[in-house]
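K.L.:
Hey, dropping run34.pdb in here, PDB, C-alpha atoms:
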ATOM      1  CA  LEU X   1     101.714 100.693  81.910  1.00  0.00           C
ATOM      2  CA  ARG X   2      99.073 100.060  79.252  1.00  0.00           C
ATOM      3  CA  ALA X   3      99.403 101.144  75.664  1.00  0.00           C
ATOM      4  CA  THR X   4      97.405 100.613  72.496  1.00  0.00           C
ATOM      5  CA  GLY X   5      95.643  97.295  72.162  1.00  0.00           C
ATOM      6  CA  CYS X   6      95.487  96.919  75.956  1.00  0.00           C
ATOM      7  CA  ARG X   7      98.839  95.174  75.905  1.00  0.00           C
ATOM      8  CA  LYS X   8     100.665  95.213  79.224  1.00  0.00           C
ATOM      9  CA  PHE X   9     104.190  96.602  79.239  1.00  0.00           C
ATOM     10  CA  ARG X  10     106.119  95.481  82.292  1.00  0.00           C
ATOM     11  CA  ASN X  11     109.079  97.819  81.854  1.00  0.00           C
ATOM     12  CA  TYR X  12     110.547 100.427  79.496  1.00  0.00           C
ATOM     13  CA  ARG X  13     112.409  97.825  77.421  1.00  0.00           C
ATOM     14  CA  HIS X  14     109.104  96.194  76.467  1.00  0.00           C
ATOM     15  CA  LEU X  15     107.748  99.577  75.435  1.00  0.00           C
ATOM     16  CA  LEU X  16     110.789 100.324  73.263  1.00  0.00           C
ATOM     17  CA  GLN X  17     110.658  96.914  71.582  1.00  0.00           C
ATOM     18  CA  THR X  18     107.217  97.716  70.202  1.00  0.00           C
ATOM     19  CA  SER X  19     107.853 101.359  69.292  1.00  0.00           C
ATOM     20  CA  LYS X  20     109.050 102.434  65.861  1.00  0.00           C
ATOM     21  CA  ASP X  21     112.208 104.441  66.633  1.00  0.00           C
ATOM     22  CA  GLY X  22     112.769 103.655  70.292  1.00  0.00           C
ATOM     23  CA  GLN X  23     116.315 103.508  71.624  1.00  0.00           C
ATOM     24  CA  TRP X  24     117.484 102.296  75.008  1.00  0.00           C
ATOM     25  CA  VAL X  25     120.003 104.516  76.784  1.00  0.00           C
ATOM     26  CA  ASP X  26     121.545 102.752  79.736  1.00  0.00           C
ATOM     27  CA  GLY X  27     121.896 105.387  82.451  1.00  0.00           C
ATOM     28  CA  GLY X  28     122.832 102.977  85.222  1.00  0.00           C
ATOM     29  CA  GLU X  29     120.502 101.265  87.638  1.00  0.00           C
ATOM     30  CA  PHE X  30     116.905 102.414  87.305  1.00  0.00           C
ATOM     31  CA  PRO X  31     115.447 103.808  90.565  1.00  0.00           C
ATOM     32  CA  LEU X  32     113.227 101.322  92.346  1.00  0.00           C
ATOM     33  CA  ALA X  33     109.519 101.972  92.570  1.00  0.00           C
ATOM     34  CA  LEU X  34     107.122 100.789  95.247  1.00  0.00           C
ATOM     35  CA  GLY X  35     105.742  98.153  92.890  1.00  0.00           C
ATOM     36  CA  SER X  36     109.133  96.477  92.785  1.00  0.00           C
ATOM     37  CA  TYR X  37     108.627  95.335  96.358  1.00  0.00           C
ATOM     38  CA  SER X  38     104.873  95.157  96.765  1.00  0.00           C
ATOM     39  CA  THR X  39     104.869  91.490  95.751  1.00  0.00           C
ATOM     40  CA  ILE X  40     107.983  90.207  97.520  1.00  0.00           C
ATOM     41  CA  PRO X  41     107.801  86.407  97.707  1.00  0.00           C
ATOM     42  CA  LYS X  42     107.692  85.274 101.301  1.00  0.00           C
ATOM     43  CA  SER X  43     110.355  82.818 102.382  1.00  0.00           C
ATOM     44  CA  LYS X  44     109.466  79.470 103.867  1.00  0.00           C
ATOM     45  CA  ARG X  45     108.597  79.839 107.525  1.00  0.00           C
ATOM     46  CA  GLY X  46     109.586  76.387 108.736  1.00  0.00           C
ATOM     47  CA  VAL X  47     107.181  74.267 110.738  1.00  0.00           C
ATOM     48  CA  ARG X  48     103.496  75.154 110.560  1.00  0.00           C
ATOM     49  CA  LEU X  49     102.141  76.931 113.604  1.00  0.00           C
ATOM     50  CA  ASP X  50     100.169  74.849 116.058  1.00  0.00           C
ATOM     51  CA  ARG X  51      97.282  77.152 116.969  1.00  0.00           C
ATOM     52  CA  GLU X  52      96.578  75.107 120.102  1.00  0.00           C
ATOM     53  CA  ARG X  53     100.138  75.607 121.328  1.00  0.00           C
ATOM     54  CA  ASP X  54     101.380  78.937 119.836  1.00  0.00           C
ATOM     55  CA  ARG X  55      99.474  81.968 121.031  1.00  0.00           C
ATOM     56  CA  TYR X  56      99.771  85.739 120.837  1.00  0.00           C
ATOM     57  CA  LEU X  57     102.643  87.058 123.002  1.00  0.00           C
ATOM     58  CA  ASP X  58     103.930  83.584 123.871  1.00  0.00           C
ATOM     59  CA  VAL X  59     107.206  84.274 122.029  1.00  0.00           C
ATOM     60  CA  VAL X  60     108.312  87.627 120.604  1.00  0.00           C
ATOM     61  CA  HIS X  61     111.553  88.020 118.646  1.00  0.00           C
ATOM     62  CA  MET X  62     113.380  91.342 118.872  1.00  0.00           C
ATOM     63  CA  ASP X  63     116.441  93.017 117.411  1.00  0.00           C
ATOM     64  CA  ILE X  64     118.053  96.444 117.122  1.00  0.00           C
ATOM     65  CA  ALA X  65     118.060  98.020 113.652  1.00  0.00           C
ATOM     66  CA  PHE X  66     120.559 100.651 112.573  1.00  0.00           C
ATOM     67  CA  GLY X  67     119.755 103.589 110.305  1.00  0.00           C
ATOM     68  CA  ASP X  68     122.384 105.127 108.033  1.00  0.00           C
ATOM     69  CA  CYS X  69     121.909 108.593 109.568  1.00  0.00           C
ATOM     70  CA  VAL X  70     120.060 110.362 112.380  1.00  0.00           C
ATOM     71  CA  SER X  71     116.377 110.418 111.477  1.00  0.00           C
ATOM     72  CA  LEU X  72     114.104 113.389 112.018  1.00  0.00           C
ATOM     73  CA  GLY X  73     113.109 113.319 115.664  1.00  0.00           C
ATOM     74  CA  GLY X  74     116.550 112.105 116.695  1.00  0.00           C
ATOM     75  CA  ALA X  75     116.138 108.374 116.064  1.00  0.00           C
ATOM     76  CA  ARG X  76     119.504 106.694 115.448  1.00  0.00           C
ATOM     77  CA  TYR X  77     118.274 103.114 115.862  1.00  0.00           C
ATOM     78  CA  ALA X  78     115.002 101.202 116.000  1.00  0.00           C
ATOM     79  CA  LEU X  79     113.834  98.318 118.160  1.00  0.00           C
ATOM     80  CA  ILE X  80     111.998  95.760 116.003  1.00  0.00           C
ATOM     81  CA  LEU X  81     109.706  93.202 117.643  1.00  0.00           C
ATOM     82  CA  VAL X  82     107.830  90.387 115.849  1.00  0.00           C
ATOM     83  CA  ASP X  83     105.269  88.072 117.448  1.00  0.00           C
ATOM     84  CA  ARG X  84     105.940  84.477 116.440  1.00  0.00           C
ATOM     85  CA  ALA X  85     102.312  83.294 116.404  1.00  0.00           C
ATOM     86  CA  THR X  86     100.706  86.200 114.509  1.00  0.00           C
ATOM     87  CA  ARG X  87     103.765  87.679 112.690  1.00  0.00           C
ATOM     88  CA  TYR X  88     102.677  91.122 113.938  1.00  0.00           C
ATOM     89  CA  ASN X  89     105.422  93.810 113.896  1.00  0.00           C
ATOM     90  CA  TRP X  90     106.212  96.656 116.256  1.00  0.00           C
ATOM     91  CA  VAL X  91     108.844  99.351 115.631  1.00  0.00           C
ATOM     92  CA  PHE X  92     110.062 101.829 118.258  1.00  0.00           C
ATOM     93  CA  SER X  93     112.696 104.543 117.872  1.00  0.00           C
ATOM     94  CA  LEU X  94     115.876 104.604 119.936  1.00  0.00           C
ATOM     95  CA  LYS X  95     117.984 107.732 120.295  1.00  0.00           C
ATOM     96  CA  SER X  96     120.817 105.725 121.837  1.00  0.00           C
ATOM     97  CA  LEU X  97     121.633 102.145 122.794  1.00  0.00           C
ATOM     98  CA  SER X  98     121.428 102.791 126.533  1.00  0.00           C
ATOM     99  CA  SER X  99     119.399 100.421 128.687  1.00  0.00           C
ATOM    100  CA  ALA X 100     117.094 103.332 129.642  1.00  0.00           C
ATOM    101  CA  GLU X 101     116.149 103.871 125.974  1.00  0.00           C
ATOM    102  CA  ILE X 102     115.545 100.152 125.411  1.00  0.00           C
ATOM    103  CA  LEU X 103     113.462  99.917 128.590  1.00  0.00           C
ATOM    104  CA  SER X 104     111.392 102.885 127.428  1.00  0.00           C
ATOM    105  CA  ALA X 105     110.756 101.125 124.090  1.00  0.00           C
ATOM    106  CA  LEU X 106     109.742  97.927 125.921  1.00  0.00           C
ATOM    107  CA  ARG X 107     107.281  99.920 128.033  1.00  0.00           C
ATOM    108  CA  HIS X 108     105.789 101.358 124.824  1.00  0.00           C
ATOM    109  CA  PHE X 109     105.596  97.797 123.491  1.00  0.00           C
ATOM    110  CA  ARG X 110     103.740  96.681 126.624  1.00  0.00           C
ATOM    111  CA  ALA X 111     101.215  99.509 126.152  1.00  0.00           C
ATOM    112  CA  ASP X 112     100.721  98.789 122.432  1.00  0.00           C
ATOM    113  CA  ALA X 113     100.605  94.987 122.636  1.00  0.00           C
ATOM    114  CA  GLY X 114      98.536  94.795 125.821  1.00  0.00           C
ATOM    115  CA  GLY X 115     101.304  93.186 127.857  1.00  0.00           C
ATOM    116  CA  LEU X 116     104.818  91.803 127.679  1.00  0.00           C
ATOM    117  CA  ALA X 117     105.614  88.506 126.003  1.00  0.00           C
ATOM    118  CA  ARG X 118     106.129  85.380 128.085  1.00  0.00           C
ATOM    119  CA  THR X 119     109.467  84.885 126.311  1.00  0.00           C
ATOM    120  CA  PHE X 120     111.594  87.267 124.249  1.00  0.00           C
ATOM    121  CA  ARG X 121     114.193  85.970 121.786  1.00  0.00           C
ATOM    122  CA  CYS X 122     117.131  88.107 120.690  1.00  0.00           C
ATOM    123  CA  ASP X 123     120.611  87.957 119.178  1.00  0.00           C
ATOM    124  CA  CYS X 124     123.728  87.494 121.243  1.00  0.00           C
ATOM    125  CA  ASP X 125     123.718  91.213 122.067  1.00  0.00           C
ATOM    126  CA  GLU X 126     124.316  92.276 125.661  1.00  0.00           C
ATOM    127  CA  LYS X 127     122.410  95.506 125.063  1.00  0.00           C
ATOM    128  CA  LEU X 128     119.238  93.409 124.797  1.00  0.00           C
ATOM    129  CA  PHE X 129     119.811  90.912 127.590  1.00  0.00           C
ATOM    130  CA  GLY X 130     121.852  92.978 130.047  1.00  0.00           C
ATOM    131  CA  SER X 131     121.091  93.012 133.763  1.00  0.00           C
ATOM    132  CA  ALA X 132     118.754  96.051 133.637  1.00  0.00           C
ATOM    133  CA  ILE X 133     116.611  94.585 130.838  1.00  0.00           C
ATOM    134  CA  ARG X 134     116.632  91.126 132.375  1.00  0.00           C
ATOM    135  CA  SER X 135     115.546  92.355 135.824  1.00  0.00           C
ATOM    136  CA  PHE X 136     112.759  94.481 134.282  1.00  0.00           C
ATOM    137  CA  LEU X 137     111.416  91.444 132.408  1.00  0.00           C
ATOM    138  CA  HIS X 138     111.727  89.102 135.410  1.00  0.00           C
ATOM    139  CA  GLU X 139     109.683  91.500 137.526  1.00  0.00           C
ATOM    140  CA  ALA X 140     106.948  91.247 134.872  1.00  0.00           C
ATOM    141  CA  ASN X 141     107.132  87.395 134.827  1.00  0.00           C
ATOM    142  CA  SER X 142     108.777  87.451 131.428  1.00  0.00           C
ATOM    143  CA  SER X 143     112.079  85.992 130.274  1.00  0.00           C
ATOM    144  CA  ILE X 144     114.613  86.630 127.533  1.00  0.00           C
ATOM    145  CA  ILE X 145     116.621  84.022 125.632  1.00  0.00           C
ATOM    146  CA  ALA X 146     119.669  85.101 123.641  1.00  0.00           C
ATOM    147  CA  ALA X 147     120.864  83.222 120.568  1.00  0.00           C
ATOM    148  CA  PRO X 148     124.285  81.571 120.892  1.00  0.00           C
ATOM    149  CA  ALA X 149     127.228  83.508 119.491  1.00  0.00           C
ATOM    150  CA  GLY X 150     127.466  83.083 115.721  1.00  0.00           C
ATOM    151  CA  ARG X 151     123.933  81.640 115.466  1.00  0.00           C
ATOM    152  CA  GLN X 152     121.843  84.644 114.447  1.00  0.00           C
ATOM    153  CA  SER X 153     119.746  82.303 112.311  1.00  0.00           C
ATOM    154  CA  SER X 154     117.896  81.257 115.478  1.00  0.00           C
ATOM    155  CA  ASN X 155     116.496  84.812 115.519  1.00  0.00           C
ATOM    156  CA  GLY X 156     115.777  84.706 111.792  1.00  0.00           C
ATOM    157  CA  LEU X 157     112.120  85.690 112.100  1.00  0.00           C
ATOM    158  CA  VAL X 158     112.895  89.293 113.026  1.00  0.00           C
ATOM    159  CA  GLU X 159     115.849  89.393 110.595  1.00  0.00           C
ATOM    160  CA  SER X 160     113.618  88.437 107.645  1.00  0.00           C
ATOM    161  CA  HIS X 161     110.972  90.981 108.656  1.00  0.00           C
ATOM    162  CA  TRP X 162     113.664  93.666 108.937  1.00  0.00           C
ATOM    163  CA  LYS X 163     114.916  92.827 105.425  1.00  0.00           C
ATOM    164  CA  ILE X 164     111.424  93.272 103.966  1.00  0.00           C
ATOM    165  CA  MET X 165     110.915  96.536 105.897  1.00  0.00           C
ATOM    166  CA  VAL X 166     114.181  97.905 104.491  1.00  0.00           C
ATOM    167  CA  HIS X 167     113.189  97.034 100.914  1.00  0.00           C
ATOM    168  CA  MET X 168     109.784  98.650 101.323  1.00  0.00           C
ATOM    169  CA  ALA X 169     111.171 101.750 103.085  1.00  0.00           C
ATOM    170  CA  ARG X 170     113.767 102.315 100.347  1.00  0.00           C
ATOM    171  CA  ALA X 171     111.048 102.041  97.723  1.00  0.00           C
ATOM    172  CA  TYR X 172     108.866 104.562  99.607  1.00  0.00           C
ATOM    173  CA  LEU X 173     111.697 107.088  99.908  1.00  0.00           C
ATOM    174  CA  THR X 174     112.858 106.603  96.314  1.00  0.00           C
ATOM    175  CA  GLU X 175     109.392 106.920  94.830  1.00  0.00           C
ATOM    176  CA  LYS X 176     108.633 110.120  96.752  1.00  0.00           C
ATOM    177  CA  GLN X 177     112.219 111.441  96.373  1.00  0.00           C
ATOM    178  CA  MET X 178     112.467 112.112 100.083  1.00  0.00           C
ATOM    179  CA  SER X 179     115.593 112.553 102.160  1.00  0.00           C
ATOM    180  CA  ARG X 180     117.062 109.519 103.889  1.00  0.00           C
ATOM    181  CA  LYS X 181     116.492 111.387 107.158  1.00  0.00           C
ATOM    182  CA  PHE X 182     112.955 110.005 106.969  1.00  0.00           C
ATOM    183  CA  TRP X 183     114.236 106.394 107.211  1.00  0.00           C
ATOM    184  CA  TYR X 184     112.642 105.701 110.598  1.00  0.00           C
ATOM    185  CA  TYR X 185     109.190 106.869 109.486  1.00  0.00           C
ATOM    186  CA  ALA X 186     109.488 104.835 106.277  1.00  0.00           C
ATOM    187  CA  ILE X 187     110.370 101.737 108.342  1.00  0.00           C
ATOM    188  CA  LYS X 188     107.463 102.423 110.713  1.00  0.00           C
ATOM    189  CA  HIS X 189     105.071 102.752 107.766  1.00  0.00           C
ATOM    190  CA  ALA X 190     106.439  99.570 106.166  1.00  0.00           C
ATOM    191  CA  ALA X 191     105.782  97.670 109.410  1.00  0.00           C
ATOM    192  CA  ARG X 192     102.248  99.069 109.513  1.00  0.00           C
ATOM    193  CA  MET X 193     101.612  97.937 105.932  1.00  0.00           C
ATOM    194  CA  MET X 194     103.008  94.463 106.667  1.00  0.00           C
ATOM    195  CA  ASN X 195     100.583  94.173 109.590  1.00  0.00           C
ATOM    196  CA  MET X 196      97.636  95.079 107.367  1.00  0.00           C
ATOM    197  CA  ILE X 197      98.456  92.597 104.604  1.00  0.00           C
ATOM    198  CA  PRO X 198      97.318  89.036 105.461  1.00  0.00           C
ATOM    199  CA  GLY X 199     100.192  86.604 105.958  1.00  0.00           C
TER
END
Show me this structure written as structure tokens.
P.N.:
Amino acid sequence: LRATGCRKFRNYRHLLQTSKDGQWVDGGEFPLALGSYSTIPKSKRGVRLDRERDRYLDVVHMDIAFGDCVSLGGARYALILVDRATRYNWVFSLKSLSSAEILSALRHFRADAGGLARTFRCDCDEKLFGSAIRSFLHEANSSIIAAPAGRQSSNGLVESHWKIMVHMARAYLTEKQMSRKFWYYAIKHAARMMNMIPG
């Protein structure tokens, strides 16, 4: 917000401090705007990537995300995939947690990414490394490695991307005053924006 004298006002308190009869009425937490999350500081990513060793689709991390209601189109969950080398995100809707739904999302991933990853990493979640998923990946010369129980930090790449997507999606829905039934589309758009912004 710019006012007289081209002075920048970062929030409403700054504006009231410079006005003559301004009063601050605390009405609870102020709704978040998109700008609140457009400059989220990125966390440290550990060891630098070795471009000679780490390549696109060598390792892809994946996890199942839960929405707080059934989205338009029937999505109850989302499958999030993040490529380790490029940090590229993919989001696919899941109407249930059945192996058929997850296999369908992995087939969509194969079409979008140009192939399956050599190795998938996931949490200690049998829905993601059950026999049906494992056999499908083995037939495609791919493998899946599950994190040990209680060690979700080893799949932290997708967890951190999911956290940023949630922040961005909430800001989108709040700014446009849209129903939370649009959560899946807000998450999908957040992933698209993250892919367009250089890492």
K.L.:
Separation of atom CA of Trp162 of chain X and atom CA of Gln177 of chain X, in Å?
P.N.:
21.8 Å
K.L.:
With distances taken over only C-alpha atoms, which of X:Arg107, X:Arg118, X:Lys176, X:Arg55 is nearest to Ser143 of chain X?
P.N.:
X:Arg118
K.L.:
So that I can see what lies close to Asn141 of chain X, please list as a list of chain:residue names the residues with an atom at most 12 Å from it, counting all atoms listed in the file and leaving out residues fewer than 5 positions away in the same chain.
P.N.:
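Listed by chain and then number, they are X:Gly115, X:Leu116, X:Ala117, X:Arg118, X:Thr119, X:Phe120, X:Arg134, X:Ser135, X:Phe136.
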K.L.:
So how many Å separate atom CA of Ala85 of chain X and atom CA of Ala186 of chain X, to one decimal?
P.N.:
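So the two atoms, atom CA of Ala85 of chain X and atom CA of Ala186 of chain X, lie 24.9 Å apart.
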K.L.:
Suppose a student applies the PyMOL selection byres ((chain X and resi 86) around 9) to this structure; what residues should they get, written as a list in words?
P.N.:
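Here the PyMOL selection byres ((chain X and resi 86) around 9) matches Arg55, Tyr56, Leu57, Val82, Asp83, Arg84, Ala85, Arg87, Tyr88, Asn89 and Gly199 of chain X.
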K.L.:
Quick one: pull the distance between atom CA of His167 of chain X and atom CA of Ala191 of chain X, Å, one decimal.
P.N.:
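Calculated distance between atom CA of His167 of chain X and atom CA of Ala191 of chain X is 11.3 Å.
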K.L.:
Write out as an MDAnalysis selection string the residues lying within 12 Å of segment 155-157 of chain X, counting all atoms listed in the file and excluding same-chain residues fewer than 6 positions away.
P.N.:
chainID X and resid 42:46 59:64 80:89 120:125 145:149 163:164
K.L.:
Evaluate the PyMOL selection byres ((chain X and resi 184) around 8) here and jot the selected residues down as a ChimeraX atom specification.
P.N.:
/X:67,71-72,75,78,93,181-183,185-188
K.L.:
The PyMOL selection byres ((chain X and resi 100) around 12) - which residues does that actually catch in the file I just gave you? List them as JSON, numbers by chain.
P.N.:
{"X": [94, 95, 96, 97, 98, 99, 101, 102, 103, 104, 105, 106, 107, 127, 128, 130, 131, 132, 133, 136]}
K.L.:
Could you work out an axis-aligned bounding box for all listed atoms of segment 166-183 of chain X, with 8 Å added on each of the six sides, and give its centre and edge lengths in Å to one decimal, as JSON?
P.N.:
{"center_x": 112.8, "center_y": 104.8, "center_z": 101.0, "size_x": 24.4, "size_y": 31.5, "size_z": 28.4}
